[in-house]
Amino acid sequence: MFESFALPFFQRGIVEILLLASVSGLLGVWIVLRGLAFYAHAVGTAAVPGLVLADGLGFSALLGAFGAALVMAAIVALLLRRRSLGSDSATSLVLAGALALGVILASDVFGSQGSVDRLLFGSLLAIGTPELLLAAAAALAAVAATTIFGPRWLAAGFADRRGSSDPLLIGLIALAAVAALAAVGALLATAILVVPAATTRLITNRLPLWQLTTAALAAAEGVVGMTLAYQLNVPPGAAIAVLAGIVFALVAVAGVIHQRRRKLAPLALTMLGLSGFLVVGCASDGGGAGSSPKLTVTATTTQVGDLVREVGGDAVSVNQILTPNSEAHDYEPRPRDIGAVADSKIVFTSGLGLDAWSAKLLKESGSKAEVVDLSSELPVSHPTGAGQRQSDQEQGADDPVAGQGPASGEIDPHWWHDLLNLEAATTVVETALILADPAAKDQISANAEAYRAEIRAVDEEIRACLEKVPAQKRLIVTDHDAVIYFTERYGVTSVGAVFPATSTQGQASAGEVAALEKLIREKQVEAIFPESSLNRALAERIASDTGASSEYTLYGDTLGAASSAEGTVLGAEAANAKAIVAGITGGKQRCLIET
Amino acid sequence: MINWLLEPLREPIVARSLIELALLGLISGTLGCWIVLAGRAYSAESLAHSMLPGLVGAALLGLPLVLGGAIGLAVGASLIALVGRIKVLGSEVAVSVVITSLVGAGVLLGLAPTTPAGLSGILFGDLLAVGAGDIALAGGFAVIVLAVLFVLHEGLLVAGFDRLNATALGRSPAPLDLALALLLAGATLVAVQALGNLLVVAILVGPAASARLLSARIGPMMLAAVGVAWAASLVGLYASYHAELAAGAAVTCALVVAFLAALLARSLREAVASDSRRRGRGAQSRGLRLRSRRA
């Protein structure tokens with residue numbers, strides 16, 4: 001079970017968690033003593049506007065998070081000088097303000113395109129040098145501050161539980177929270193910073209001992225959690241959080257038993273040891289990935305995975321990173337994903353910024369794979385917001401919806417919705433696979449030829465299907481404007497989109513929605529199309545206000561479930577065509593498309 | 001000007017959001033004051049995350065998602081109340097331990113291949129998507145909150161204002177804690193579906209925290225909190241309509257600004273008060289000196 005320790009990405013994760021464990025030991029006790037647990041959680045969560053700014057202006061996410069945390073720390077330190085103010089109320093309002101700022105930046109300033117860049121932000125499996133340096137800096141600062149100011153904090157510490165803390169401590173916790181955020185994500189940072197110190201508090205309250213046991217416990221939970229995560233192929237952050245929770249529960253129960261009946265203490269200790277064995281035992285029966293003689297490649301998204309499987313067929317083993325039920329924004333990679341990337345000869349990416357996170361994945365996995373960007377040779381490309389600009393021209397410049405499109409100048413990354421692009425990408429995949437495995441040339445070429453023929457056939461059928469509706473009646477409103485390539489290819493006019501940005505941080509404004517409702521009534525748009533992977537409540541509300549229908553769903557960002565007809569690109573495009581025709585005609589026209 | 005004010009209200013989407021916010025303002029003005037006084041803002045912020053394992057579990061078992069979310073919230077709130085009874089840790093650490101574990105468990109459960117996409121997003125609503133059902137639910141819940149708080153008022157008053165000493169004296173207000181935690185869980189379930197997590201925190205904590213700066217007595221504090229909630233909702237929605245800002249975020253910002261304004265007002269009042277006290281003391285000591293000279 002120790003083979004994982006030989007992998008470079010795993011080693012970096014272990015070093016990171018050990019550095020954070022020392023921070024946890026030194027600062028965690030102060031967080032528990034001073035009642036700063038909420039602040040420790042909030043200062044990491046408040047990094048969101050920093051991440052949005054970093055994404056929009058193009059600087060390092062770590063720097064953005066750090067800057068936002070420092071601002072939050074300064075404001076909270078300032079507010080805590082007022083002793084009558086509950087520290088928890090002040091913290092929650094500063095946090096709410098920061099998050100609201102993040103939403104406004106994402107939806108009204110940058111029109112962020114998905115939060116996919118945050119994919120690898122907060123994973124112990126993708127620790128690079130900057131994250132290690134930050135954790136080391138946090139550890140050094142914690143050591144220095146504890147040595148110099150520890151006695152002073154101690155003198156004030158036990159008397160005062162209601163916040164009102166040293167600004168230095170507030171700043172140090174901010175640094176530690178960002179370091180933990182980069183390792184396990186915002187929601188689980190407390191698993192490292194708070195839970196170990198809370199657990200050991202149940203056993204001791206003598207300060208140097210409490211700090212030492214906390215650091216040791218955090219280190220043990222971190223290393224065991226990482227190992228378990230590798231064996232069971234789960235995200236390490238979640239594994240560490242659950243492990244820390246279980247250990248806390250066991251120690252608390254043991255404490256209660258100990259209090260009630262001293263004789264039962266040995267029993268509790270035995271329970272603790274037993275559960276430890278259980279955990280390790282569970283860990284060791286997980287198997288490693290079997291190696292196959294086939295060519296192994298990695299695909300980043302569901303669409304790319306489908307395309308590569310179609311072309312590669314039996315000759316290629318495809319490792320696909322995003323699955324239909326993993327949303328890009330809250331997805332955390334699993335150990336086997338990284339291992340598979342390291343083993344791959346080729347990594348196929350969707351490109352145009354949609355899967356920019358894959359570059360980091362590749363780097364941290366130590367992979368020497370060749371990267372093939374499928375967006376490199378597209379015959380058709382549209383700038384972002386193209387569909388809406390078209391409606392601007394018809395509407396004139398005073399159209400209130402005009403300003404809501406995302407910043408133009410960039411190419412919309414959802415290129416596969418134009419089947420000409422899909423055909424071109426098929427050839428790119430074919431060439432790359434044959435180059436990597438010349439022995440399978442005949443099989444791969446035959447697969448690619450068959451797939452291209454199928455694409456052309458489906459393209460014809462979709463066109464025929466949509467031509468059942470007169471061109472001037474083909475008006476739709478979408479959720480996120482993710483299907484420009486589809487609407488442009490088949491002469492469908494996208495009148496507007498419900499959400500201003502494709503990012504999950506995005507929110508609509510009352511003014512935009514009111515204008516959109518007016519536009520829908522004016523143009524007599526028959527149907528609004530929610531997207532399969534998103535909350536449909538707002539689309540349904542607008543539909544019921546305007547009398548349009550919202551019962552048909554489009555596949556914009558993701559495909560359907562793997563086993564369903566919509567689980568392939570062609571199946572999803574056929575489903576989109578059927579949905580649009582049925583939606584516009586109120587279900588009177590339907591088509592059958594064979595895929 | 002009149003048109004500028006009336007135009008947004010004619011839009012059904014704005015009118016519905018405003019009614020929903022007004023009802024939730026009632027909840028936040030009353031329940032929120034107890035949350036702020038009892039130092040439960042962390043619970044208000046994080047409790048919604050405890051829905052995650054419940055949601056995943058319900059999806060895997062084929063149960064209604066709302067039921068799963070409600071079970072998750074009830075489990076989270078009860079565990080927080082339980083762990084919070086460990087005196088050496090306190091309620092904030094209890095929230096941290098419980099929520100962190102539940103989020104981790106939710107992530108692990110969610111790895112099951114049959115988990116549907118976008119699960120956490122399904123229950124988290126959007127202010128503008130509020131419908132008649134949401135409004136009815138918020139209205140019904142507001143009645144429950146007002147009734148329960150009316151019945152528990154005396155007990156909460158004793159435990160709420162002298163909480164630290166009550167705990168230190170060994171008089172643990174555990175049943176009241178649990179009642180408050182469950183009301184908070186209910187408010188989270190109702191409000192998260194209508195407003196999304198961000199706005200829920202702001203509206204539950206913001207008005208009460210502002211009102212606390214303006215009044216120390218519970219009655220005026222609750223009235224002020226309801227007033228702040230309603231005013232900020234109105235201002236936020238107008239900003240969202242006229243300046244085209246994200247709706248939930250605009251109301252949240254208005255609530256935060258209201259808090260900052262209350263803070264400023266309080267600071268000014270204190271500055272004036274301490275100034276006049278100093279002057280008063282000066283006059284008094286001068287008077288003493290006069291008297292002593294006479295003596």
# chains A, B, ... in the order shown; residues from 1 in each chain; ligands from 1

call {"tool": "residues_around", "arguments": {"residues": "B:Leu102", "least_positions_apart": "5", "cutoff": "12 Å", "atoms": "only C-alpha atoms", "output": "PyMOL selection string"}}
result
(chain A and resi 187-188+191+238-246) or (chain B and resi 46-56+72-73+75-77+79-80+95-97+107-110)

call {"tool": "write_last_selection", "arguments": {"atoms": "C-alpha atoms", "output": "PDB file, in the first residue's frame"}}
result
ATOM      1  CA  LEU A 187     -15.194  24.336   2.396  1.00  0.00           C
ATOM      2  CA  LEU A 188     -12.711  21.838   3.831  1.00  0.00           C
ATOM      3  CA  ALA A 191     -10.549  20.151   8.437  1.00  0.00           C
ATOM      4  CA  ALA A 238     -12.844  15.009   1.485  1.00  0.00           C
ATOM      5  CA  ALA A 239     -11.091  11.901   2.810  1.00  0.00           C
ATOM      6  CA  ILE A 240      -9.117  13.980   5.340  1.00  0.00           C
ATOM      7  CA  ALA A 241     -12.261  15.862   6.420  1.00  0.00           C
ATOM      8  CA  VAL A 242     -14.251  12.682   7.053  1.00  0.00           C
ATOM      9  CA  LEU A 243     -11.323  11.039   8.817  1.00  0.00           C
ATOM     10  CA  ALA A 244     -10.856  14.090  11.063  1.00  0.00           C
ATOM     11  CA  GLY A 245     -14.589  14.070  11.847  1.00  0.00           C
ATOM     12  CA  ILE A 246     -14.520  10.359  12.768  1.00  0.00           C
TER      13      ILE A 246
ATOM     14  CA  SER B  46     -22.734  27.191   7.162  1.00  0.00           C
ATOM     15  CA  LEU B  47     -25.851  25.178   7.983  1.00  0.00           C
ATOM     16  CA  ALA B  48     -26.944  25.143   4.336  1.00  0.00           C
ATOM     17  CA  HIS B  49     -23.859  23.041   3.512  1.00  0.00           C
ATOM     18  CA  SER B  50     -25.155  20.249   5.749  1.00  0.00           C
ATOM     19  CA  MET B  51     -27.861  19.683   3.127  1.00  0.00           C
ATOM     20  CA  LEU B  52     -25.258  18.212   0.767  1.00  0.00           C
ATOM     21  CA  PRO B  53     -25.025  14.642   2.167  1.00  0.00           C
ATOM     22  CA  GLY B  54     -28.823  14.594   2.574  1.00  0.00           C
ATOM     23  CA  LEU B  55     -29.340  15.662  -1.027  1.00  0.00           C
ATOM     24  CA  VAL B  56     -26.929  13.054  -2.377  1.00  0.00           C
ATOM     25  CA  GLY B  72     -29.444  16.885   6.308  1.00  0.00           C
ATOM     26  CA  LEU B  73     -30.287  20.214   7.934  1.00  0.00           C
ATOM     27  CA  VAL B  75     -28.983  16.232  11.443  1.00  0.00           C
ATOM     28  CA  GLY B  76     -26.536  19.125  11.066  1.00  0.00           C
ATOM     29  CA  ALA B  77     -28.428  21.382  13.493  1.00  0.00           C
ATOM     30  CA  LEU B  79     -25.166  17.600  15.877  1.00  0.00           C
ATOM     31  CA  ILE B  80     -24.091  21.223  16.277  1.00  0.00           C
ATOM     32  CA  VAL B  95     -20.158  24.287  13.835  1.00  0.00           C
ATOM     33  CA  SER B  96     -16.729  23.986  12.275  1.00  0.00           C
ATOM     34  CA  VAL B  97     -16.280  20.333  13.246  1.00  0.00           C
ATOM     35  CA  VAL B 107     -18.390  14.922  -1.407  1.00  0.00           C
ATOM     36  CA  LEU B 108     -17.517  11.243  -0.901  1.00  0.00           C
ATOM     37  CA  LEU B 109     -21.163  10.127  -1.292  1.00  0.00           C
ATOM     38  CA  GLY B 110     -21.445  12.287  -4.396  1.00  0.00           C
TER      39      GLY B 110
END

call {"tool": "interface_residues", "arguments": {"of": "chain A", "to": "chain B", "cutoff": "6 Å", "atoms": "only C-alpha atoms", "output": "list in words"}}
result
Ala37, Phe38, Asp88, Ser89, Ala96, Gly97, Ala100, Ile104, Leu188, Val195, Ala238, Ala241, Val242, Gly245, Asn325, Gln507, Ala508, Ser509, Ala510, Gly511, Ser533, Asn535, Ala537, Leu538 and Arg541 of chain A

call {"tool": "residues_around", "arguments": {"residues": "stretch 410-426 of chain A", "least_positions_apart": "5", "cutoff": "10 Å", "atoms": "only C-alpha atoms", "output": "VMD selection string"}}
result
chain A and resid 113 303 to 304 307 to 308 310 to 311 350 to 355 373 to 386 431 447 to 449 451 to 456 458 to 459 481 to 490 555 to 557 569 to 570 572 to 573 576

call {"tool": "atom_distance", "arguments": {"atom1": "atom CA of A:Phe5", "atom2": "atom CA of A:Ala180"}}
result
21.3 Å

call {"tool": "residues_around", "arguments": {"residues": "A:Val71", "least_positions_apart": "5", "cutoff": "10 Å", "atoms": "only C-alpha atoms", "output": "PyMOL selection string"}}
result
chain A and resi 43+46-47+50+66+76-77+98+171+174

call {"tool": "closest_residue", "arguments": {"among": "A:Gln589, A:Gln211, A:Gln231, A:Ser22", "to": "A:Glu3", "atoms": "only C-alpha atoms"}}
result
A:Gln231

call {"tool": "closest_residue", "arguments": {"among": "A:Pro208, A:Gly35, A:Pro530, A:Pro470", "to": "A:Ala497", "atoms": "only C-alpha atoms"}}
result
A:Pro530

call {"tool": "select_by_dssp", "arguments": {"residues": "stretch 2-243 of chain B", "states": "helix (DSSP H, G or I)", "output": "ChimeraX atom specification"}}
result
/B:2-10,12-37,41-61,65-83,90-109,119-123,127-129,132-161,163-168,174-195,197-214,218-242
